[in-house]
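Raw contents of query34.pdb, PDB, C-alpha atoms:
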ATOM      1  CA  MET A  29       3.865 -13.265  -9.060
ATOM      2  CA  ARG A  30       3.388 -14.069 -12.746
ATOM      3  CA  ASN A  31       0.462 -16.290 -11.817
ATOM      4  CA  ALA A  32      -1.019 -13.364  -9.907
ATOM      5  CA  LEU A  33      -0.481 -11.062 -12.882
ATOM      6  CA  SER A  34      -2.134 -13.507 -15.286
ATOM      7  CA  PHE A  35      -5.148 -13.831 -12.990
ATOM      8  CA  ILE A  36      -5.494 -10.052 -12.709
ATOM      9  CA  ALA A  37      -5.088  -9.596 -16.453
ATOM     10  CA  ASP A  38      -7.930 -12.082 -16.982
ATOM     11  CA  GLN A  39     -10.086 -10.073 -14.566
ATOM     12  CA  LEU A  40      -9.346  -6.934 -16.578
ATOM     13  CA  GLY A  41      -9.960  -8.677 -19.880
ATOM     14  CA  VAL A  42      -6.483  -7.881 -21.236
ATOM     15  CA  ASP A  43      -3.562  -9.935 -22.551
ATOM     16  CA  ASP A  44      -0.450 -10.227 -20.382
ATOM     17  CA  LYS A  45       1.799 -11.950 -22.920
ATOM     18  CA  ASP A  46       3.743  -8.711 -23.438
ATOM     19  CA  ALA A  47       4.205  -8.153 -19.675
ATOM     20  CA  ARG A  48       7.447  -6.424 -18.724
ATOM     21  CA  THR A  49       8.836  -6.345 -15.187
ATOM     22  CA  LEU A  50       9.412  -2.776 -14.008
ATOM     23  CA  HIS A  51      10.246  -3.406 -10.360
ATOM     24  CA  MET A  52      10.507  -6.397  -8.057
ATOM     25  CA  ALA A  53      10.952  -5.657  -4.357
ATOM     26  CA  ASN A  54       8.175  -5.247  -1.815
ATOM     27  CA  ASN A  55       5.860  -4.878  -4.810
ATOM     28  CA  ALA A  56       5.943  -6.654  -8.138
ATOM     29  CA  VAL A  57       5.302  -3.995 -10.778
ATOM     30  CA  TYR A  58       4.519  -5.017 -14.349
ATOM     31  CA  ALA A  59       3.853  -2.990 -17.476
ATOM     32  CA  LEU A  60       1.285  -4.253 -19.974
ATOM     33  CA  PRO A  61       2.194  -2.048 -22.958
ATOM     34  CA  ARG A  62      -0.550  -3.177 -25.353
ATOM     35  CA  ALA A  63      -3.200  -2.603 -22.702
ATOM     36  CA  GLY A  64      -1.601   0.665 -21.580
ATOM     37  CA  LEU A  65      -1.593  -0.441 -17.946
ATOM     38  CA  VAL A  66       0.761  -0.890 -15.000
ATOM     39  CA  VAL A  67      -0.099  -3.527 -12.390
ATOM     40  CA  ARG A  68       1.340  -3.242  -8.865
ATOM     41  CA  ILE A  69       1.047  -6.406  -6.767
ATOM     42  CA  THR A  70       2.058  -6.431  -3.116
ATOM     43  CA  ARG A  71       4.483  -9.198  -2.109
ATOM     44  CA  SER A  72       3.745  -8.712   1.598
ATOM     45  CA  THR A  73       0.503  -9.912   3.130
ATOM     46  CA  ARG A  74       0.968  -7.556   6.108
ATOM     47  CA  LEU A  75       0.914  -4.301   4.139
ATOM     48  CA  HIS A  76      -2.521  -4.536   2.528
ATOM     49  CA  ASP A  77      -3.529  -1.247   4.128
ATOM     50  CA  ARG A  78      -0.997   0.480   1.871
ATOM     51  CA  ILE A  79      -2.561  -0.974  -1.258
ATOM     52  CA  ARG A  80      -6.068   0.075  -0.232
ATOM     53  CA  LYS A  81      -4.769   3.544   0.613
ATOM     54  CA  GLY A  82      -3.146   3.804  -2.822
ATOM     55  CA  ALA A  83      -6.458   3.031  -4.499
ATOM     56  CA  ARG A  84      -8.247   5.743  -2.500
ATOM     57  CA  LEU A  85      -5.513   8.244  -3.259
ATOM     58  CA  GLY A  86      -5.534   7.420  -6.962
ATOM     59  CA  ALA A  87      -9.167   8.431  -7.297
ATOM     60  CA  TRP A  88      -8.584  11.655  -5.355
ATOM     61  CA  PHE A  89      -5.481  12.594  -7.357
ATOM     62  CA  ALA A  90      -7.575  12.739 -10.518
ATOM     63  CA  GLU A  91     -10.107  15.037  -8.816
ATOM     64  CA  VAL A  92      -7.481  17.628  -7.824
ATOM     65  CA  ASP A  93      -5.197  17.200 -10.861
ATOM     66  CA  ALA A  94      -2.285  16.236  -8.644
ATOM     67  CA  PRO A  95       1.194  15.809 -10.199
ATOM     68  CA  THR A  96       0.825  12.021 -10.094
ATOM     69  CA  ILE A  97       0.075   9.002 -12.223
ATOM     70  CA  ARG A  98      -3.588   8.140 -12.699
ATOM     71  CA  LEU A  99      -5.486   5.097 -11.521
ATOM     72  CA  ALA A 100      -6.843   3.002 -14.401
ATOM     73  CA  GLU A 101     -10.563   3.129 -15.055
ATOM     74  CA  THR A 102     -11.537  -0.335 -13.884
ATOM     75  CA  ASP A 103     -14.016  -1.808 -11.453
ATOM     76  CA  GLU A 104     -13.452  -1.138  -7.779
ATOM     77  CA  GLN A 105      -9.806  -1.384  -6.732
ATOM     78  CA  PRO A 106      -7.732  -2.987  -5.328
ATOM     79  CA  LEU A 107      -7.986  -6.328  -7.080
ATOM     80  CA  GLN A 108      -7.226  -9.581  -5.273
ATOM     81  CA  TYR A 109      -5.432 -12.818  -6.109
ATOM     82  CA  GLU A 110      -5.437 -15.326  -3.237
ATOM     83  CA  ASP A 111      -3.895 -13.371  -0.314
ATOM     84  CA  LEU A 112      -2.302 -10.688  -2.520
ATOM     85  CA  LEU A 113      -3.712  -7.291  -3.488
ATOM     86  CA  ALA A 114      -3.023  -5.244  -6.605
ATOM     87  CA  THR A 115      -3.748  -1.815  -8.031
ATOM     88  CA  VAL A 116      -3.856  -0.946 -11.724
ATOM     89  CA  TRP A 117      -2.626   2.356 -13.150
ATOM     90  CA  GLU A 118      -2.403   4.054 -16.523
ATOM     91  CA  LEU A 119       0.907   3.381 -18.244
ATOM     92  CA  VAL A 120       3.067   6.437 -18.927
ATOM     93  CA  PRO A 121       4.938   5.770 -22.190
ATOM     94  CA  PRO A 122       8.736   6.194 -22.122
ATOM     95  CA  ALA A 123       9.875   9.814 -22.414
ATOM     96  CA  GLU A 124      12.843  11.919 -21.356
ATOM     97  CA  THR A 125      13.956  10.699 -17.932
ATOM     98  CA  PRO A 126      13.286  13.190 -15.108
ATOM     99  CA  SER A 127      16.216  14.408 -13.035
ATOM    100  CA  ILE A 128      16.750  15.539  -9.462
ATOM    101  CA  ASP A 129      16.127  19.088 -10.689
ATOM    102  CA  ASP A 130      12.537  18.029 -11.441
ATOM    103  CA  LEU A 131      11.957  16.504  -8.009
ATOM    104  CA  GLY A 132      12.000  19.752  -6.034
ATOM    105  CA  PRO A 133       9.217  21.537  -7.981
ATOM    106  CA  VAL A 134       7.055  18.403  -8.056
ATOM    107  CA  LEU A 135       7.382  17.972  -4.289
ATOM    108  CA  ARG A 136       6.549  21.630  -3.648
ATOM    109  CA  GLU A 137       3.368  21.202  -5.709
ATOM    110  CA  PHE A 138       2.540  17.919  -3.965
ATOM    111  CA  HIS A 139       3.066  19.425  -0.504
ATOM    112  CA  SER A 140       0.795  22.344  -1.382
ATOM    113  CA  LEU A 141      -2.182  20.076  -2.137
ATOM    114  CA  PRO A 142      -5.061  20.229   0.338
ATOM    115  CA  VAL A 143      -5.113  17.532   2.971
ATOM    116  CA  PRO A 144      -7.606  14.941   1.659
ATOM    117  CA  ASP A 145     -10.338  13.525   3.859
ATOM    118  CA  LEU A 146      -9.325   9.945   3.149
ATOM    119  CA  GLY A 147      -8.347   8.712   6.586
ATOM    120  CA  LEU A 148      -4.673   8.794   5.664
ATOM    121  CA  PRO A 149      -2.238   7.576   8.295
ATOM    122  CA  VAL A 150       0.149   9.915  10.040
ATOM    123  CA  TRP A 151       3.834   9.335   9.263
ATOM    124  CA  ASP A 152       4.867   6.303  11.307
ATOM    125  CA  PRO A 153       8.182   4.874  10.088
ATOM    126  CA  VAL A 154       8.592   2.856  13.271
ATOM    127  CA  GLY A 155       5.201   1.191  12.942
ATOM    128  CA  THR A 156       5.949   0.324   9.322
ATOM    129  CA  ALA A 157       9.336  -1.072  10.308
ATOM    130  CA  ARG A 158       7.708  -3.294  12.927
ATOM    131  CA  LYS A 159       5.374  -4.719  10.270
ATOM    132  CA  ARG A 160       8.278  -5.523   7.976
ATOM    133  CA  ILE A 161      10.194  -7.123  10.846
ATOM    134  CA  ALA A 162       7.159  -9.252  11.696
ATOM    135  CA  ASP A 163       6.969 -10.309   8.044
ATOM    136  CA  ALA A 164      10.600 -11.530   7.943
ATOM    137  CA  GLU A 165      10.723 -15.274   8.575
ATOM    138  CA  ALA A 166      14.463 -15.501   7.833
ATOM    139  CA  LEU A 167      15.479 -12.804  10.320
ATOM    140  CA  ALA A 168      17.770 -14.114  13.068
ATOM    141  CA  ASP A 169      16.534 -13.596  16.620
ATOM    142  CA  ASP A 170      19.544 -11.464  17.586
ATOM    143  CA  ASP A 171      19.059  -9.197  14.581
ATOM    144  CA  ARG A 172      15.330  -8.968  15.294
ATOM    145  CA  ASP A 173      16.089  -7.854  18.849
ATOM    146  CA  VAL A 174      18.478  -5.154  17.616
ATOM    147  CA  LEU A 175      15.871  -3.787  15.214
ATOM    148  CA  LEU A 176      13.074  -3.863  17.775
ATOM    149  CA  ASP A 177      15.252  -2.103  20.348
ATOM    150  CA  TRP A 178      15.937   0.569  17.731
ATOM    151  CA  CYS A 179      12.201   0.917  17.147
ATOM    152  CA  ASP A 180      11.565   1.264  20.885
ATOM    153  CA  ARG A 181      14.100   4.082  21.145
ATOM    154  CA  LEU A 182      13.161   5.942  17.970
ATOM    155  CA  GLY A 183       9.375   5.736  18.349
ATOM    156  CA  PRO A 184       9.000   8.450  21.025
ATOM    157  CA  LEU A 185      11.297  10.801  19.076
ATOM    158  CA  VAL A 186       9.171  10.408  15.935
ATOM    159  CA  ASN A 187       5.970  10.955  17.913
ATOM    160  CA  GLU A 188       7.360  14.151  19.428
ATOM    161  CA  LEU A 189       8.386  15.477  16.009
ATOM    162  CA  VAL A 190       4.947  14.773  14.553
ATOM    163  CA  GLU A 191       3.215  16.383  17.515
ATOM    164  CA  HIS A 192       5.137  19.648  17.072
ATOM    165  CA  SER A 193       5.148  19.886  13.261
ATOM    166  CA  PRO A 194       2.578  21.191  10.765
ATOM    167  CA  LEU A 195       1.334  18.176   8.828
ATOM    168  CA  SER A 196       0.967  18.133   5.058
ATOM    169  CA  LEU A 197       0.536  15.470   2.416
ATOM    170  CA  VAL A 198       3.915  13.752   2.001
ATOM    171  CA  HIS A 199       4.867  11.179  -0.608
ATOM    172  CA  GLY A 200       6.976   9.139   1.806
ATOM    173  CA  ASP A 201       9.487   7.724  -0.705
ATOM    174  CA  ALA A 202      10.530  10.729  -2.759
ATOM    175  CA  HIS A 203      13.414  10.107  -5.143
ATOM    176  CA  VAL A 204      14.062  10.348  -8.876
ATOM    177  CA  GLY A 205      13.148   6.688  -9.367
ATOM    178  CA  ASN A 206       9.565   7.568  -8.454
ATOM    179  CA  LEU A 207       9.296  10.301 -11.096
ATOM    180  CA  LEU A 208       7.892   9.931 -14.611
ATOM    181  CA  ARG A 209       7.588  12.399 -17.466
ATOM    182  CA  ARG A 210       4.359  12.422 -19.457
ATOM    183  CA  ALA A 211       4.252  12.964 -23.195
ATOM    184  CA  ASP A 212       3.130  16.573 -22.589
ATOM    185  CA  GLY A 213       6.261  17.176 -20.507
ATOM    186  CA  ARG A 214       4.625  17.256 -17.085
ATOM    187  CA  VAL A 215       6.697  15.474 -14.441
ATOM    188  CA  ILE A 216       4.638  13.334 -12.070
ATOM    189  CA  LEU A 217       5.064  11.094  -9.034
ATOM    190  CA  CYS A 218       4.301   7.384  -8.717
ATOM    191  CA  ASP A 219       4.355   4.769  -5.916
ATOM    192  CA  PHE A 220       2.149   5.899  -3.044
ATOM    193  CA  ASP A 221       2.637   3.000  -0.645
ATOM    194  CA  SER A 222       4.246   5.349   1.883
ATOM    195  CA  THR A 223       2.074   8.432   1.298
ATOM    196  CA  CYS A 224       0.792   9.873   4.547
ATOM    197  CA  LEU A 225       0.400  13.064   6.562
ATOM    198  CA  GLY A 226       3.604  14.310   8.129
ATOM    199  CA  PRO A 227       6.309  16.965   8.242
ATOM    200  CA  PHE A 228       7.292  18.012   4.715
ATOM    201  CA  GLY A 229      10.929  17.275   5.596
ATOM    202  CA  VAL A 230      10.152  13.561   5.383
ATOM    203  CA  ASP A 231      10.240  13.863   1.589
ATOM    204  CA  LEU A 232      13.545  15.739   1.555
ATOM    205  CA  ALA A 233      15.243  13.383   4.010
ATOM    206  CA  ALA A 234      15.097  10.380   1.674
ATOM    207  CA  VAL A 235      17.590  11.854  -0.788
ATOM    208  CA  ALA A 236      19.724  13.455   1.943
ATOM    209  CA  ALA A 237      20.090  10.185   3.877
ATOM    210  CA  ALA A 238      20.726   8.198   0.688
ATOM    211  CA  GLU A 239      23.720  10.427  -0.022
ATOM    212  CA  LEU A 240      25.319   9.126   3.175
ATOM    213  CA  TRP A 241      24.862   5.396   2.612
ATOM    214  CA  PHE A 242      24.576   4.823  -1.133
ATOM    215  CA  ARG A 243      26.873   6.095  -3.864
ATOM    216  CA  SER A 244      27.080   9.876  -3.560
ATOM    217  CA  THR A 245      25.763  11.665  -6.633
ATOM    218  CA  GLY A 246      25.340  15.193  -5.304
ATOM    219  CA  GLU A 247      21.571  14.825  -5.535
ATOM    220  CA  HIS A 248      20.923  16.235  -2.075
ATOM    221  CA  THR A 249      22.572  19.555  -2.968
ATOM    222  CA  LYS A 250      20.550  19.736  -6.190
ATOM    223  CA  LEU A 251      17.286  18.892  -4.420
ATOM    224  CA  ALA A 252      17.911  21.497  -1.724
ATOM    225  CA  LYS A 253      18.349  24.070  -4.493
ATOM    226  CA  SER A 254      15.337  23.015  -6.588
ATOM    227  CA  TYR A 255      13.052  22.803  -3.548
ATOM    228  CA  ASP A 256      14.650  25.910  -2.001
ATOM    229  CA  HIS A 257      15.238  24.254   1.349
ATOM    230  CA  ASP A 258      18.068  22.182   2.884
ATOM    231  CA  VAL A 259      16.537  19.680   5.291
ATOM    232  CA  THR A 260      19.903  18.923   6.899
ATOM    233  CA  THR A 261      19.864  22.401   8.459
ATOM    234  CA  ASP A 262      16.601  21.712  10.316
ATOM    235  CA  SER A 263      16.487  20.828  14.012
ATOM    236  CA  SER A 264      14.372  17.838  12.959
ATOM    237  CA  TRP A 265      17.116  16.407  10.713
ATOM    238  CA  PRO A 266      18.590  13.905  13.231
ATOM    239  CA  VAL A 267      15.198  12.233  13.721
ATOM    240  CA  LEU A 268      14.320  12.391  10.024
ATOM    241  CA  ARG A 269      17.692  10.894   9.136
ATOM    242  CA  GLU A 270      17.461   8.049  11.626
ATOM    243  CA  ALA A 271      13.897   7.239  10.600
ATOM    244  CA  ARG A 272      15.000   7.015   6.987
ATOM    245  CA  GLU A 273      17.969   4.845   7.893
ATOM    246  CA  LEU A 274      15.650   2.437   9.697
ATOM    247  CA  THR A 275      13.512   2.314   6.550
ATOM    248  CA  PHE A 276      16.593   1.651   4.401
ATOM    249  CA  LEU A 277      17.588  -1.203   6.679
ATOM    250  CA  VAL A 278      14.287  -3.054   7.115
ATOM    251  CA  GLY A 279      13.011  -2.526   3.566
ATOM    252  CA  GLY A 280      14.380  -5.857   2.385
ATOM    253  CA  VAL A 281      13.802  -8.098   5.391
ATOM    254  CA  PRO A 282      10.537  -9.615   4.080
ATOM    255  CA  LEU A 283      12.535 -10.755   1.007
ATOM    256  CA  MET A 284      15.495 -12.333   2.824
ATOM    257  CA  ALA A 285      14.240 -15.893   2.375
ATOM    258  CA  SER A 286      12.983 -15.492  -1.190
ATOM    259  CA  THR A 287      15.540 -13.316  -2.990
ATOM    260  CA  PRO A 288      19.237 -14.305  -3.172
ATOM    261  CA  GLY A 289      21.601 -11.578  -2.039
ATOM    262  CA  VAL A 290      19.127  -9.638   0.114
ATOM    263  CA  ALA A 291      20.125 -11.357   3.364
ATOM    264  CA  GLU A 292      23.788 -10.576   2.766
ATOM    265  CA  GLU A 293      22.991  -6.957   1.887
ATOM    266  CA  PHE A 294      20.935  -6.657   5.075
ATOM    267  CA  GLN A 295      23.878  -7.875   7.145
ATOM    268  CA  ARG A 296      26.200  -5.358   5.470
ATOM    269  CA  ARG A 297      23.773  -2.556   6.235
ATOM    270  CA  LEU A 298      23.192  -3.647   9.816
ATOM    271  CA  HIS A 299      26.930  -3.853  10.494
ATOM    272  CA  ALA A 300      27.514  -0.445   8.896
ATOM    273  CA  MET A 301      24.732   1.123  10.940
ATOM    274  CA  ARG A 302      26.050  -0.329  14.187
ATOM    275  CA  THR A 303      29.600   0.846  13.481
ATOM    276  CA  GLY A 304      28.755   4.106  11.714
ATOM    277  CA  ASP A 305      30.857   3.038   8.728
ATOM    278  CA  THR A 306      29.666   4.850   5.591
ATOM    279  CA  SER A 307      32.778   3.991   3.558
ATOM    280  CA  VAL A 308      31.234   1.045   1.655
ATOM    281  CA  PRO A 309      28.239   2.107  -0.486
ATOM    282  CA  TRP A 310      25.082   0.043  -0.095
ATOM    283  CA  THR A 311      23.408  -1.714  -3.007
ATOM    284  CA  PRO A 312      19.627  -1.193  -3.383
ATOM    285  CA  TYR A 313      17.585  -4.247  -2.415
ATOM    286  CA  ALA A 314      15.763  -3.919  -5.728
ATOM    287  CA  HIS A 315      19.030  -4.747  -7.521
ATOM    288  CA  TYR A 316      18.920  -8.292  -6.155
ATOM    289  CA  SER A 317      15.265  -8.690  -7.051
ATOM    290  CA  LYS A 318      16.039  -7.721 -10.642
ATOM    291  CA  LEU A 319      18.815 -10.300 -10.780
ATOM    292  CA  ASP A 320      16.514 -12.955  -9.342
ATOM    293  CA  SER A 321      13.756 -12.175 -11.835
ATOM    294  CA  THR A 322      16.112 -12.883 -14.751
ATOM    295  CA  ASN A 323      17.081 -16.338 -13.482
TER     296      ASN A 323
END
Turn the structure described in the file into C-alpha cells.
Amino acid sequence: MRNALSFIADQLGVDDKDARTLHMANNAVYALPRAGLVVRITRSTRLHDRIRKGARLGAWFAEVDAPTIRLAETDEQPLQYEDLLATVWELVPPAETPSIDDLGPVLREFHSLPVPDLGLPVWDPVGTARKRIADAEALADDDRDVLLDWCDRLGPLVNELVEHSPLSLVHGDAHVGNLLRRADGRVILCDFDSTCLGPFGVDLAAVAAAELWFRSTGEHTKLAKSYDHDVTTDSSWPVLREARELTFLVGGVPLMASTPGVAEEFQRRLHAMRTGDTSVPWTPYAHYSKLDSTN
C-alpha cells in the first residue's frame, strides 16, 4: 500500500515522506499533511465501483454544499495504481472531536439533500456481502456456506423493505468515526464507500446494532435523541439490524489472509451470531489492521 501511495503522490506532484496512516481496513487511508491531502486506496479489487461512485459524489457534494469532506482539485478521479484505485480528498486539520450528539443533526441534513442523478446504487447489503465473501481466499468452505445461506434468506427481506420504503440519500456507514469538524466548526461526514439510496433508517441502524455487539457506550440513545427518531421502534428494525450484523461479520473477510488477528475475530463473531451470545464485546477489524501496520 505504501508503494501505491508513493506512485499516487508522484502523479499528484506532492511529497509523501510525511505520510501518516489514518485507517487500514478495506481501504488504506493516508494523510499527507504538507500537501493538505488525504488519499484513500481500496484494498479490494472487487469493490472498484465504490471508489468510482465516491469520486462522482465528491464533485456533487461541492455543488450542493453538502455536510461532507471535499474532493481534492486534481485531474480526473479516481487514480489508479496497478489493479488498485484511489481517491484524493482535502485534508481537514485536527480540531475538536465530534460526538454522537453531532451525528444526528448531520444525518438529518444529509438525508434532506436532493437525490442526485448520479446512477447511485440502491441499498444492497446482501450484494455487498456476497462481493466480500467472493474476495475472501482464506474463508473456509463451511463458513462460506453459512454466510451464503444467510444472504439467500436475508436478500428477499431487504428487497421487500426497499420496495415499500421512501428512498433518500443514505451514508451507509454512519458513526462518529466518520465525522470530522472543520476549523469553522461545521461537522461533516467522510467515507462514502457505502453511500446509496435507501431507507433513512439504514443510517440509524449502524449505531443501534453496534450497541448490541461492541462495547455499549449509550450512543444509540443519544443518536435517537439528536436525530429525533429511535430506529429500534420501527417495524423495519429487525431487517435493518440483521443487514447491519451481516455487514459487521463479513467486513473483515477479505483481510483474513493478510492481517493477523482478523481471522480469529471473524470466528468469534460468527460463533456469537450463530448462538446469539452478545456477552463478549467484539473488537473492530480496523484494530488489527492498525496493529499490523505498526509491525
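Each of A:Leu141, A:Ile36, A:Val134, A:Val67 was compared to Trp88 in chain A using all atoms listed in the file, and A:Leu141 turns out to be the nearest.
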Query raised in the report: What is the distance, in Å and to one decimal place, between CA of Ala90 in chain A and CA of Leu60 in chain A?
Result: 21.4 Å
Query raised in the report: Expressed in Å to a single decimal, how great is the separation between CA of Ala94 in chain A and CA of Ala234 in chain A?
Result: 21.0 Å
Query raised in the report: the PyMOL selection byres ((chain A and resi 178) around 12) on the file shown: which residues, as an MDAnalysis selection string?
Result: chainID A and resid 153:155 157:158 161 171:177 179:185 270:271 273:275 277:278 298 301:302
File dump, residues just selected, C-alpha atoms, as an mmCIF file, in the frame of the given file:
data_model
loop_
_atom_site.group_PDB
_atom_site.id
_atom_site.type_symbol
_atom_site.label_atom_id
_atom_site.label_comp_id
_atom_site.auth_asym_id
_atom_site.auth_seq_id
_atom_site.Cartn_x
_atom_site.Cartn_y
_atom_site.Cartn_z
ATOM 1 C CA PRO A 153 8.182 4.874 10.088
ATOM 2 C CA VAL A 154 8.592 2.856 13.271
ATOM 3 C CA GLY A 155 5.201 1.191 12.942
ATOM 4 C CA ALA A 157 9.336 -1.072 10.308
ATOM 5 C CA ARG A 158 7.708 -3.294 12.927
ATOM 6 C CA ILE A 161 10.194 -7.123 10.846
ATOM 7 C CA ASP A 171 19.059 -9.197 14.581
ATOM 8 C CA ARG A 172 15.330 -8.968 15.294
ATOM 9 C CA ASP A 173 16.089 -7.854 18.849
ATOM 10 C CA VAL A 174 18.478 -5.154 17.616
ATOM 11 C CA LEU A 175 15.871 -3.787 15.214
ATOM 12 C CA LEU A 176 13.074 -3.863 17.775
ATOM 13 C CA ASP A 177 15.252 -2.103 20.348
ATOM 14 C CA CYS A 179 12.201 0.917 17.147
ATOM 15 C CA ASP A 180 11.565 1.264 20.885
ATOM 16 C CA ARG A 181 14.100 4.082 21.145
ATOM 17 C CA LEU A 182 13.161 5.942 17.970
ATOM 18 C CA GLY A 183 9.375 5.736 18.349
ATOM 19 C CA PRO A 184 9.000 8.450 21.025
ATOM 20 C CA LEU A 185 11.297 10.801 19.076
ATOM 21 C CA GLU A 270 17.461 8.049 11.626
ATOM 22 C CA ALA A 271 13.897 7.239 10.600
ATOM 23 C CA GLU A 273 17.969 4.845 7.893
ATOM 24 C CA LEU A 274 15.650 2.437 9.697
ATOM 25 C CA THR A 275 13.512 2.314 6.550
ATOM 26 C CA LEU A 277 17.588 -1.203 6.679
ATOM 27 C CA VAL A 278 14.287 -3.054 7.115
ATOM 28 C CA LEU A 298 23.192 -3.647 9.816
ATOM 29 C CA MET A 301 24.732 1.123 10.940
ATOM 30 C CA ARG A 302 26.050 -0.329 14.187
#
Query raised in the report: What is the distance, in Å and to one decimal place, between CA of Asp111 in chain A and CA of Asn54 in chain A?
Result: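 Result for CA of Asp111 in chain A versus CA of Asn54 in chain A: 14.6 Å, one decimal.
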Counting only C-alpha atoms, which residues sit no farther than 9 Å from the position (2.5, -10.0, -22.1) in the file's frame? I'd like them as a PDB file with C-alpha atoms, keeping the file's coordinate frame.
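Result saved to part-v9.pdb:
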ATOM      1  CA  SER A  34      -2.134 -13.507 -15.286  1.00  0.00           C
ATOM      2  CA  ASP A  43      -3.562  -9.935 -22.551  1.00  0.00           C
ATOM      3  CA  ASP A  44      -0.450 -10.227 -20.382  1.00  0.00           C
ATOM      4  CA  LYS A  45       1.799 -11.950 -22.920  1.00  0.00           C
ATOM      5  CA  ASP A  46       3.743  -8.711 -23.438  1.00  0.00           C
ATOM      6  CA  ALA A  47       4.205  -8.153 -19.675  1.00  0.00           C
ATOM      7  CA  ARG A  48       7.447  -6.424 -18.724  1.00  0.00           C
ATOM      8  CA  ALA A  59       3.853  -2.990 -17.476  1.00  0.00           C
ATOM      9  CA  LEU A  60       1.285  -4.253 -19.974  1.00  0.00           C
ATOM     10  CA  PRO A  61       2.194  -2.048 -22.958  1.00  0.00           C
ATOM     11  CA  ARG A  62      -0.550  -3.177 -25.353  1.00  0.00           C
TER      12      ARG A  62
END
Where atoms are lacking, range 282-297 of chain A completed to N, CA and C atoms, as a PDB file, in the coordinates of the input:
ATOM      1  N   PRO A 282      11.533  -8.608   4.489  1.00  0.00           N
ATOM      2  CA  PRO A 282      10.537  -9.615   4.080  1.00  0.00           C
ATOM      3  C   PRO A 282      10.994 -10.469   2.905  1.00  0.00           C
ATOM      4  N   LEU A 283      12.066 -10.046   2.208  1.00  0.00           N
ATOM      5  CA  LEU A 283      12.535 -10.755   1.007  1.00  0.00           C
ATOM      6  C   LEU A 283      13.769 -11.604   1.276  1.00  0.00           C
ATOM      7  N   MET A 284      14.237 -11.661   2.525  1.00  0.00           N
ATOM      8  CA  MET A 284      15.495 -12.333   2.824  1.00  0.00           C
ATOM      9  C   MET A 284      15.470 -13.817   2.477  1.00  0.00           C
ATOM     10  N   ALA A 285      14.327 -14.464   2.641  1.00  0.00           N
ATOM     11  CA  ALA A 285      14.240 -15.893   2.375  1.00  0.00           C
ATOM     12  C   ALA A 285      13.965 -16.198   0.906  1.00  0.00           C
ATOM     13  N   SER A 286      13.443 -15.211   0.174  1.00  0.00           N
ATOM     14  CA  SER A 286      12.983 -15.492  -1.190  1.00  0.00           C
ATOM     15  C   SER A 286      13.881 -14.940  -2.278  1.00  0.00           C
ATOM     16  N   THR A 287      14.741 -13.971  -1.958  1.00  0.00           N
ATOM     17  CA  THR A 287      15.540 -13.316  -2.990  1.00  0.00           C
ATOM     18  C   THR A 287      17.019 -13.416  -2.662  1.00  0.00           C
ATOM     19  N   PRO A 288      17.794 -14.165  -3.440  1.00  0.00           N
ATOM     20  CA  PRO A 288      19.237 -14.305  -3.172  1.00  0.00           C
ATOM     21  C   PRO A 288      19.940 -12.955  -3.141  1.00  0.00           C
ATOM     22  N   GLY A 289      20.819 -12.802  -2.162  1.00  0.00           N
ATOM     23  CA  GLY A 289      21.601 -11.578  -2.039  1.00  0.00           C
ATOM     24  C   GLY A 289      21.048 -10.587  -1.046  1.00  0.00           C
ATOM     25  N   VAL A 290      19.735 -10.622  -0.786  1.00  0.00           N
ATOM     26  CA  VAL A 290      19.127  -9.638   0.114  1.00  0.00           C
ATOM     27  C   VAL A 290      19.600  -9.848   1.552  1.00  0.00           C
ATOM     28  N   ALA A 291      19.690 -11.094   1.991  1.00  0.00           N
ATOM     29  CA  ALA A 291      20.125 -11.357   3.364  1.00  0.00           C
ATOM     30  C   ALA A 291      21.541 -10.845   3.597  1.00  0.00           C
ATOM     31  N   GLU A 292      22.417 -11.045   2.634  1.00  0.00           N
ATOM     32  CA  GLU A 292      23.788 -10.576   2.766  1.00  0.00           C
ATOM     33  C   GLU A 292      23.843  -9.047   2.772  1.00  0.00           C
ATOM     34  N   GLU A 293      23.036  -8.422   1.912  1.00  0.00           N
ATOM     35  CA  GLU A 293      22.991  -6.957   1.887  1.00  0.00           C
ATOM     36  C   GLU A 293      22.454  -6.415   3.212  1.00  0.00           C
ATOM     37  N   PHE A 294      21.456  -7.078   3.774  1.00  0.00           N
ATOM     38  CA  PHE A 294      20.935  -6.657   5.075  1.00  0.00           C
ATOM     39  C   PHE A 294      22.031  -6.700   6.137  1.00  0.00           C
ATOM     40  N   GLN A 295      22.807  -7.764   6.153  1.00  0.00           N
ATOM     41  CA  GLN A 295      23.878  -7.875   7.145  1.00  0.00           C
ATOM     42  C   GLN A 295      24.919  -6.783   6.965  1.00  0.00           C
ATOM     43  N   ARG A 296      25.249  -6.446   5.718  1.00  0.00           N
ATOM     44  CA  ARG A 296      26.200  -5.358   5.470  1.00  0.00           C
ATOM     45  C   ARG A 296      25.651  -4.044   6.021  1.00  0.00           C
ATOM     46  N   ARG A 297      24.382  -3.808   5.767  1.00  0.00           N
ATOM     47  CA  ARG A 297      23.773  -2.556   6.235  1.00  0.00           C
ATOM     48  C   ARG A 297      23.699  -2.510   7.759  1.00  0.00           C
TER      49      ARG A 297
END
